>>> print(open('input10.txt').read())   # compact mmCIF, C-alpha atoms
# COMPACT_ATOMS: atom_id res chain seq x y z
CA MET A 1 22.09 -10.30 -13.29
CA ASN A 2 19.84 -13.36 -13.11
CA THR A 3 16.67 -13.88 -15.15
CA HIS A 4 14.31 -12.51 -12.47
CA GLU A 5 16.40 -9.36 -11.99
CA TYR A 6 16.60 -8.87 -15.78
CA ILE A 7 12.80 -9.06 -16.12
CA GLU A 8 12.23 -6.75 -13.15
CA SER A 9 14.76 -4.17 -14.47
CA GLY A 10 12.17 -2.69 -16.85
CA VAL A 11 14.18 -3.25 -20.04
CA LEU A 12 11.36 -5.37 -21.51
CA ASP A 13 8.87 -2.56 -20.79
CA MET A 14 11.08 -0.09 -22.65
CA TYR A 15 11.52 -2.57 -25.52
CA ILE A 16 7.78 -2.90 -26.25
CA SER A 17 7.43 0.88 -25.85
CA GLY A 18 10.12 1.51 -28.49
CA LEU A 19 12.30 3.52 -26.09
CA LEU A 20 15.49 1.49 -26.62
CA SER A 21 18.24 2.04 -29.17
CA ILE A 22 18.72 -0.45 -32.01
CA GLU A 23 21.64 -2.08 -30.22
CA GLU A 24 19.67 -2.39 -26.99
CA MET A 25 16.67 -3.86 -28.84
CA ARG A 26 18.95 -6.43 -30.48
CA ASP A 27 20.32 -7.35 -27.06
CA VAL A 28 16.77 -7.91 -25.75
CA GLU A 29 15.87 -10.05 -28.77
CA LEU A 30 19.05 -12.09 -28.34
CA LYS A 31 18.29 -12.57 -24.66
CA ALA A 32 14.75 -13.72 -25.52
CA CYS A 33 16.13 -16.25 -28.02
CA GLN A 34 18.51 -17.64 -25.42
CA ASN A 35 16.17 -17.61 -22.41
CA ALA A 36 12.69 -19.17 -22.59
CA GLU A 37 11.49 -17.32 -19.49
CA VAL A 38 12.47 -13.95 -20.93
CA LYS A 39 10.83 -14.85 -24.25
CA LYS A 40 7.60 -15.85 -22.52
CA GLU A 41 7.51 -12.63 -20.47
CA LEU A 42 8.19 -10.52 -23.57
CA GLU A 43 5.42 -12.23 -25.55
CA MET A 44 2.97 -11.77 -22.66
CA MET A 45 3.77 -8.04 -22.44
CA GLN A 46 3.43 -7.59 -26.21
CA SER A 47 0.07 -9.40 -26.22
CA ALA A 48 -1.14 -7.29 -23.31
CA LEU A 49 -0.09 -4.10 -25.11
CA GLU A 50 -1.89 -5.17 -28.31
CA ARG A 51 -5.08 -5.96 -26.41
CA PHE A 52 -4.91 -2.64 -24.61
CA ILE A 53 -4.39 -0.66 -27.84
CA LEU A 54 -7.22 -2.48 -29.63
CA LYS A 55 -9.52 -1.90 -26.68
CA HIS A 56 -8.72 1.80 -26.30
CA SER A 57 -7.90 2.73 -29.91
CA LEU A 58 -9.45 5.96 -31.20
CA GLY A 59 -10.74 6.58 -34.72
CA LEU A 60 -9.98 9.62 -36.83
CA LYS A 61 -11.79 12.78 -35.93
CA PRO A 62 -14.92 13.26 -38.11
CA ALA A 63 -13.59 16.54 -39.53
CA ILE A 64 -10.33 14.96 -40.72
CA LYS A 65 -12.14 11.91 -42.07
CA GLU A 66 -14.55 14.15 -44.01
CA GLN A 67 -11.66 16.13 -45.53
CA ILE A 68 -9.94 12.94 -46.69
CA LEU A 69 -13.15 11.56 -48.26
CA LYS A 70 -13.86 14.86 -50.01
CA ALA A 71 -10.34 14.94 -51.38
CA ILE A 72 -10.65 11.36 -52.68
CA ASN A 73 -14.08 12.01 -54.22
CA SER A 74 -12.89 15.25 -55.78
CA ASP A 75 -9.87 13.52 -57.26
CA SER A 76 -12.04 10.70 -58.67
CA ALA A 77 -14.49 13.16 -60.20
CA THR A 78 -11.70 15.20 -61.80
CA THR A 79 -10.11 12.09 -63.27
CA SER A 80 -13.45 10.91 -64.68
CA SER A 81 -14.17 14.30 -66.26
CA SER A 82 -10.71 14.44 -67.76
CA ALA A 83 -11.13 10.99 -69.22
CA THR A 84 -14.48 11.92 -70.80
CA LEU A 85 -13.12 15.12 -72.17
CA SER A 86 -10.11 13.29 -73.51
CA SER A 87 -12.33 10.73 -75.19
CA GLU A 88 -14.51 13.39 -76.79
CA ASN A 89 -11.49 15.36 -77.96
CA HIS A 90 -9.97 12.21 -79.28
CA LYS A 91 -13.03 11.48 -81.40
CA LEU A 92 -13.25 15.09 -82.46
CA PHE A 93 -9.71 15.32 -83.67
CA GLU A 94 -9.65 11.83 -85.15
CA GLN A 95 -12.30 12.73 -87.73
CA PRO A 96 -10.66 13.60 -91.07
CA ASN A 97 -10.86 17.16 -92.22
CA LYS A 98 -12.92 17.08 -95.38
CA LYS A 99 -11.45 20.37 -96.50
CA THR A 100 -7.96 19.01 -96.40
CA ASN A 101 -6.17 16.04 -97.75
CA ASN A 102 -7.54 12.70 -96.44
CA ASN A 103 -4.03 11.57 -95.55
CA ILE A 104 -3.60 14.41 -93.06
CA GLN A 105 -4.76 13.64 -89.51
CA ALA A 106 -5.34 16.22 -86.82
CA PRO A 107 -3.12 15.88 -83.78
CA ILE A 108 -4.53 13.87 -80.85
CA VAL A 109 -4.77 15.94 -77.69
CA HIS A 110 -4.96 14.37 -74.19
CA PRO A 111 -5.64 17.19 -71.80
CA MET A 112 -4.56 16.27 -68.20
CA ALA A 113 -6.46 17.79 -65.32
CA PRO A 114 -4.29 18.63 -62.35
CA LYS A 115 -4.66 16.19 -59.41
CA LYS A 116 -5.02 17.42 -55.87
CA ASN A 117 -2.07 16.48 -53.63
CA LEU A 118 -3.35 14.27 -50.80
CA TYR A 119 0.02 13.84 -49.13
CA PRO A 120 -0.52 16.59 -46.48
CA LEU A 121 -3.82 15.04 -45.39
CA PHE A 122 -2.41 11.54 -45.16
CA ALA A 123 0.66 12.86 -43.36
CA ALA A 124 -1.52 14.71 -40.85
CA ALA A 125 -3.64 11.61 -40.28
CA SER A 126 -0.51 9.49 -39.81
CA ILE A 127 0.92 11.97 -37.30
CA ILE A 128 -2.34 12.00 -35.34
CA LEU A 129 -2.50 8.21 -35.36
CA LEU A 130 1.14 7.98 -34.27
CA ALA A 131 0.50 10.47 -31.45
CA VAL A 132 -2.49 8.43 -30.27
CA ILE A 133 -0.51 5.18 -30.32
CA THR A 134 2.43 6.81 -28.53
CA GLY A 135 0.12 8.26 -25.90
CA LEU A 136 -1.54 4.91 -25.34
CA THR A 137 1.85 3.20 -25.16
CA LEU A 138 3.13 5.63 -22.52
CA TYR A 139 -0.14 5.33 -20.62
CA PHE A 140 0.06 1.55 -20.70
CA PHE A 141 3.73 1.68 -19.68
CA ASN A 142 2.90 3.84 -16.66
CA GLN A 143 -0.05 1.63 -15.75
CA TYR A 144 2.18 -1.43 -16.00
CA ASN A 145 4.80 0.13 -13.70
CA GLN A 146 2.11 1.08 -11.22
CA SER A 147 0.78 -2.47 -11.34
CA LYS A 148 4.26 -3.83 -10.66
CA GLU A 149 4.59 -1.53 -7.65
CA GLN A 150 1.19 -2.62 -6.38
CA ILE A 151 2.14 -6.27 -6.84
CA ALA A 152 5.37 -5.67 -4.90
CA ASP A 153 3.39 -4.02 -2.08
CA LEU A 154 0.92 -6.91 -2.05
CA LYS A 155 3.78 -9.42 -1.91
CA GLU A 156 5.27 -7.55 1.05
CA GLN A 157 1.90 -7.49 2.79
CA GLN A 158 1.45 -11.19 2.06
CA SER A 159 4.91 -11.86 3.53
CA ASN A 160 3.97 -9.96 6.69
CA VAL A 161 0.69 -11.84 6.95
CA ASP A 162 2.50 -15.17 6.49
CA MET A 163 4.95 -14.21 9.23
CA LEU A 164 2.08 -13.27 11.56
CA VAL A 165 0.28 -16.52 10.81
CA ASN A 166 3.45 -18.52 11.51
CA ASN A 167 3.90 -16.71 14.83
CA LEU A 168 0.29 -17.37 15.78
CA GLN A 169 0.62 -21.03 14.84
CA SER A 170 3.78 -21.31 16.95
CA GLU A 171 2.01 -19.63 19.86
CA VAL A 172 -0.95 -22.01 19.54
CA LYS A 173 1.41 -24.99 19.46
CA ARG A 174 3.23 -23.78 22.60
CA ASN A 175 -0.07 -23.25 24.41
CA GLU A 176 -1.25 -26.73 23.44
CA GLU A 177 1.98 -28.28 24.75
CA LYS A 178 1.73 -26.21 27.92
CA LEU A 179 -1.88 -27.29 28.45
CA LYS A 180 -0.90 -30.90 27.95
CA ILE A 181 1.80 -30.59 30.62
CA VAL A 182 -0.39 -28.74 33.10
CA THR A 183 -3.29 -31.19 32.78
CA ASP A 184 -1.11 -34.35 32.90
CA ALA A 185 -2.18 -36.44 35.93
CA ASN A 186 1.38 -37.66 36.44
CA MET A 187 2.72 -34.14 36.86
CA VAL A 188 3.72 -32.93 40.32
CA LYS A 189 3.35 -29.16 40.64
CA VAL A 190 5.98 -27.45 42.76
CA PRO A 191 5.24 -23.73 43.34
CA MET A 192 8.31 -21.59 43.94
CA LYS A 193 7.89 -18.34 45.87
CA GLY A 194 10.32 -15.48 46.12
CA THR A 195 13.06 -15.09 48.73
CA GLU A 196 14.01 -12.13 50.92
CA LYS A 197 16.22 -10.77 48.11
CA SER A 198 13.38 -10.99 45.58
CA PRO A 199 10.03 -11.46 47.37
CA GLU A 200 8.01 -10.67 44.19
CA SER A 201 9.58 -13.52 42.25
CA MET A 202 7.36 -16.51 41.44
CA ALA A 203 7.71 -19.63 39.32
CA MET A 204 6.23 -23.11 38.91
CA VAL A 205 8.06 -26.40 38.44
CA TYR A 206 6.31 -29.40 36.85
CA TRP A 207 7.93 -32.77 37.54
CA ASN A 208 6.69 -35.95 35.91
CA LYS A 209 7.04 -38.76 38.43
CA ASP A 210 6.94 -41.38 35.66
CA THR A 211 9.26 -39.93 33.02
CA LYS A 212 11.26 -37.75 35.49
CA ALA A 213 10.90 -34.82 33.06
CA VAL A 214 11.13 -31.31 34.51
CA TYR A 215 9.44 -28.19 33.13
CA PHE A 216 9.93 -24.68 34.47
CA GLU A 217 7.30 -21.93 34.01
CA VAL A 218 8.30 -18.32 34.62
CA LYS A 219 5.63 -16.36 36.50
CA VAL A 220 7.49 -13.31 37.82
CA LEU A 221 11.25 -13.15 37.55
CA PRO A 222 13.35 -9.95 37.52
CA ALA A 223 15.87 -9.54 34.74
CA ALA A 224 19.24 -11.06 35.58
CA PRO A 225 22.04 -8.49 36.02
CA GLY A 226 24.54 -8.03 33.18
CA GLU A 227 25.06 -11.09 31.01
CA LYS A 228 24.15 -13.52 33.76
CA GLN A 229 21.31 -16.08 33.68
CA TYR A 230 19.19 -17.84 36.24
CA GLN A 231 19.89 -21.51 36.90
CA LEU A 232 17.54 -24.23 38.18
CA TRP A 233 18.80 -26.78 40.69
CA PHE A 234 17.15 -29.85 42.14
CA ILE A 235 18.23 -31.25 45.49
CA ASP A 236 19.20 -34.92 45.32
CA PRO A 237 19.04 -36.68 48.73
CA LYS A 238 22.38 -38.36 48.09
CA ARG A 239 24.30 -36.00 45.79
CA GLY A 240 23.00 -32.67 47.02
CA PRO A 241 22.33 -29.80 44.55
CA VAL A 242 22.31 -30.95 40.91
CA ASN A 243 22.19 -28.65 37.86
CA ALA A 244 18.80 -28.80 36.08
CA GLY A 245 19.64 -26.28 33.34
CA MET A 246 19.78 -22.56 32.59
CA ILE A 247 16.65 -20.41 32.56
CA SER A 248 16.46 -18.05 29.56
CA GLY A 249 12.71 -17.89 28.95
CA THR A 250 10.25 -15.03 29.26
CA THR A 251 7.20 -14.67 31.44
CA GLY A 252 4.61 -17.38 30.84
CA GLU A 253 6.95 -19.62 28.81
CA MET A 254 7.23 -23.31 29.62
CA ILE A 255 10.89 -24.39 29.51
CA LYS A 256 12.08 -28.00 29.27
CA MET A 257 14.84 -28.58 31.84
CA PHE A 258 17.12 -31.56 32.62
CA ASP A 259 15.42 -34.64 34.02
CA ALA A 260 15.47 -35.10 37.81
CA PRO A 261 15.42 -38.77 38.95
CA ASP A 262 14.45 -38.24 42.61
CA PRO A 263 14.36 -34.57 43.61
CA ALA A 264 13.71 -33.57 47.19
CA ALA A 265 13.34 -29.89 46.33
CA PHE A 266 14.02 -27.27 43.62
CA ALA A 267 15.82 -23.96 43.82
CA VAL A 268 16.69 -21.07 41.46
>>> encode(input="input10.txt", output="structure tokens")
Amino acid sequence: MNTHEYIESGVLDMYISGLLSIEEMRDVELKACQNAEVKKELEMMQSALERFILKHSLGLKPAIKEQILKAINSDSATTSSSATLSSENHKLFEQPNKKTNNNIQAPIVHPMAPKKNLYPLFAAASIILLAVITGLTLYFFNQYNQSKEQIADLKEQQSNVDMLVNNLQSEVKRNEEKLKIVTDANMVKVPMKGTEKSPESMAMVYWNKDTKAVYFEVKVLPAAPGEKQYQLWFIDPKRGPVNAGMISGTTGEMIKMFDAPDPAAFAV
């Protein structure tokens, strides 16, 4: 699997979503260390995920936030009251008992007020936050996959458009060459009509009297039977019929044939 196939496989998407095992995550990290392109793609995906989470992150619900603040304030108030009570009791019991021996001290008492357990609230908040992050991660993962599919579709459409443009450019080039041949003052136009066997057939031969070049334009020509092809001949006054090339073009196409030095006539 090459680098492009590895990136397109979706393993990097699953890595940033935390859906891989420890061994698989280590493999991805090792691949990123060894391949700069994989590392760059992974960093781009992680940055995109962070920006998405920061943009769409949700705060705690007001009710949960209020419960946490009340619990914290209640705990602080209880601790403060306990400390005050402890201080007053400390002073109270530190004073010597005049009715007893001065060497006897009353025991020091430090009453401890029970603290409210905040663990369930923090655990609930953590679970909610984790659920939100997981939901956003899955949403981003799905959006990323959809984007990849859309990009693939756009690339396919672009490829089709490029192919169409290339075909149109080729067609324009052929028409320009054909126009150049047809409008050349040195060209001799030889119309070819059908015979008794094929009266509907029609073609045009262009012969350049300076360069001796021959071009054949198909007007109407029935399909040749089987695997056979039509053949153009020019009649040389001294040698007789001479091969000018095979005709394999379609209607309207201008075909370059073999040069004819001094043709008296043409035949297909």
>>> closest_residue(input="input10.txt", among="A:Gln143, A:Met202, A:Ile255, A:Gln150", to="Ile181 (chain A)", atoms="only C-alpha atoms")
A:Ile255
>>> closest_residue(input="input10.txt", among="A:Glu66, A:Glu156, A:Glu253, A:Asp262", to="Ile235 (chain A)", atoms="only C-alpha atoms")
A:Asp262
>>> closest_residue(input="input10.txt", among="A:Ala203, A:Leu49, A:Met163, A:Ala213", to="Phe141 (chain A)", atoms="all atoms listed in the file")
A:Leu49
>>> residues_around(input="input10.txt", residues="Gly252 (chain A)", least_positions_apart="6", cutoff="7 Å", atoms="only C-alpha atoms", output="ChimeraX atom specification")
/A:217-219
>>> closest_residue(input="input10.txt", among="A:Lys31, A:Met254, A:Glu37, A:Ala48", to="Ile16 (chain A)", atoms="all atoms listed in the file")
A:Ala48
>>> residues_near_point(input="input10.txt", point="(-1.3, -1.2, -25.1)", cutoff="10 Å", atoms="only C-alpha atoms", output="ChimeraX atom specification")
/A:16-17,45-57,133-141,143-144
>>> axis_aligned_box(input="input10.txt", around="region 220-232 of chain A", padding_each_side="8 Å", output="JSON")
{"center_x": 16.3, "center_y": -16.1, "center_z": 34.6, "size_x": 33.6, "size_y": 32.2, "size_z": 23.2}
>>> closest_residue(input="input10.txt", among="A:Gly240, A:Ile7, A:Ala185, A:Phe234", to="Met257 (chain A)", atoms="only C-alpha atoms")
A:Phe234
>>> residues_around(input="input10.txt", residues="Val11 (chain A)", least_positions_apart="6", cutoff="9 Å", atoms="all atoms listed in the file", output="PyMOL selection string")
chain A and resi 20+24+28
>>> atom_distance(input="input10.txt", atom1="CA of Leu129 (chain A)", atom2="CA of Ser21 (chain A)")
22.5 Å
>>> atom_distance(input="input10.txt", atom1="CA of Glu43 (chain A)", atom2="CA of Ala152 (chain A)")
21.7 Å
>>> closest_residue(input="input10.txt", among="A:Ala267, A:Ala224, A:Leu12, A:Met25", to="Lys40 (chain A)", atoms="only C-alpha atoms")
A:Leu12
>>> atom_distance(input="input10.txt", atom1="CA of Ser147 (chain A)", atom2="CA of Asp162 (chain A)")
22.0 Å
>>> residues_near_point(input="input10.txt", point="(1.9, -28.7, 36.8)", cutoff="12 Å", atoms="all atoms listed in the file", output="PyMOL selection string")
chain A and resi 178-192+203-209+213-217+254
>>> write_last_selection(input="input10.txt", atoms="C-alpha atoms", output="compact mmCIF listing (two decimals), keeping the file's coordinate frame")
# COMPACT_ATOMS: atom_id res chain seq x y z
CA LYS A 178 1.73 -26.21 27.92
CA LEU A 179 -1.88 -27.29 28.45
CA LYS A 180 -0.90 -30.90 27.95
CA ILE A 181 1.80 -30.59 30.62
CA VAL A 182 -0.39 -28.74 33.10
CA THR A 183 -3.29 -31.19 32.78
CA ASP A 184 -1.11 -34.35 32.90
CA ALA A 185 -2.18 -36.44 35.93
CA ASN A 186 1.38 -37.66 36.44
CA MET A 187 2.72 -34.14 36.86
CA VAL A 188 3.72 -32.93 40.32
CA LYS A 189 3.35 -29.16 40.64
CA VAL A 190 5.98 -27.45 42.76
CA PRO A 191 5.24 -23.73 43.34
CA MET A 192 8.31 -21.59 43.94
CA ALA A 203 7.71 -19.63 39.32
CA MET A 204 6.23 -23.11 38.91
CA VAL A 205 8.06 -26.40 38.44
CA TYR A 206 6.31 -29.40 36.85
CA TRP A 207 7.93 -32.77 37.54
CA ASN A 208 6.69 -35.95 35.91
CA LYS A 209 7.04 -38.76 38.43
CA ALA A 213 10.90 -34.82 33.06
CA VAL A 214 11.13 -31.31 34.51
CA TYR A 215 9.44 -28.19 33.13
CA PHE A 216 9.93 -24.68 34.47
CA GLU A 217 7.30 -21.93 34.01
CA MET A 254 7.23 -23.31 29.62
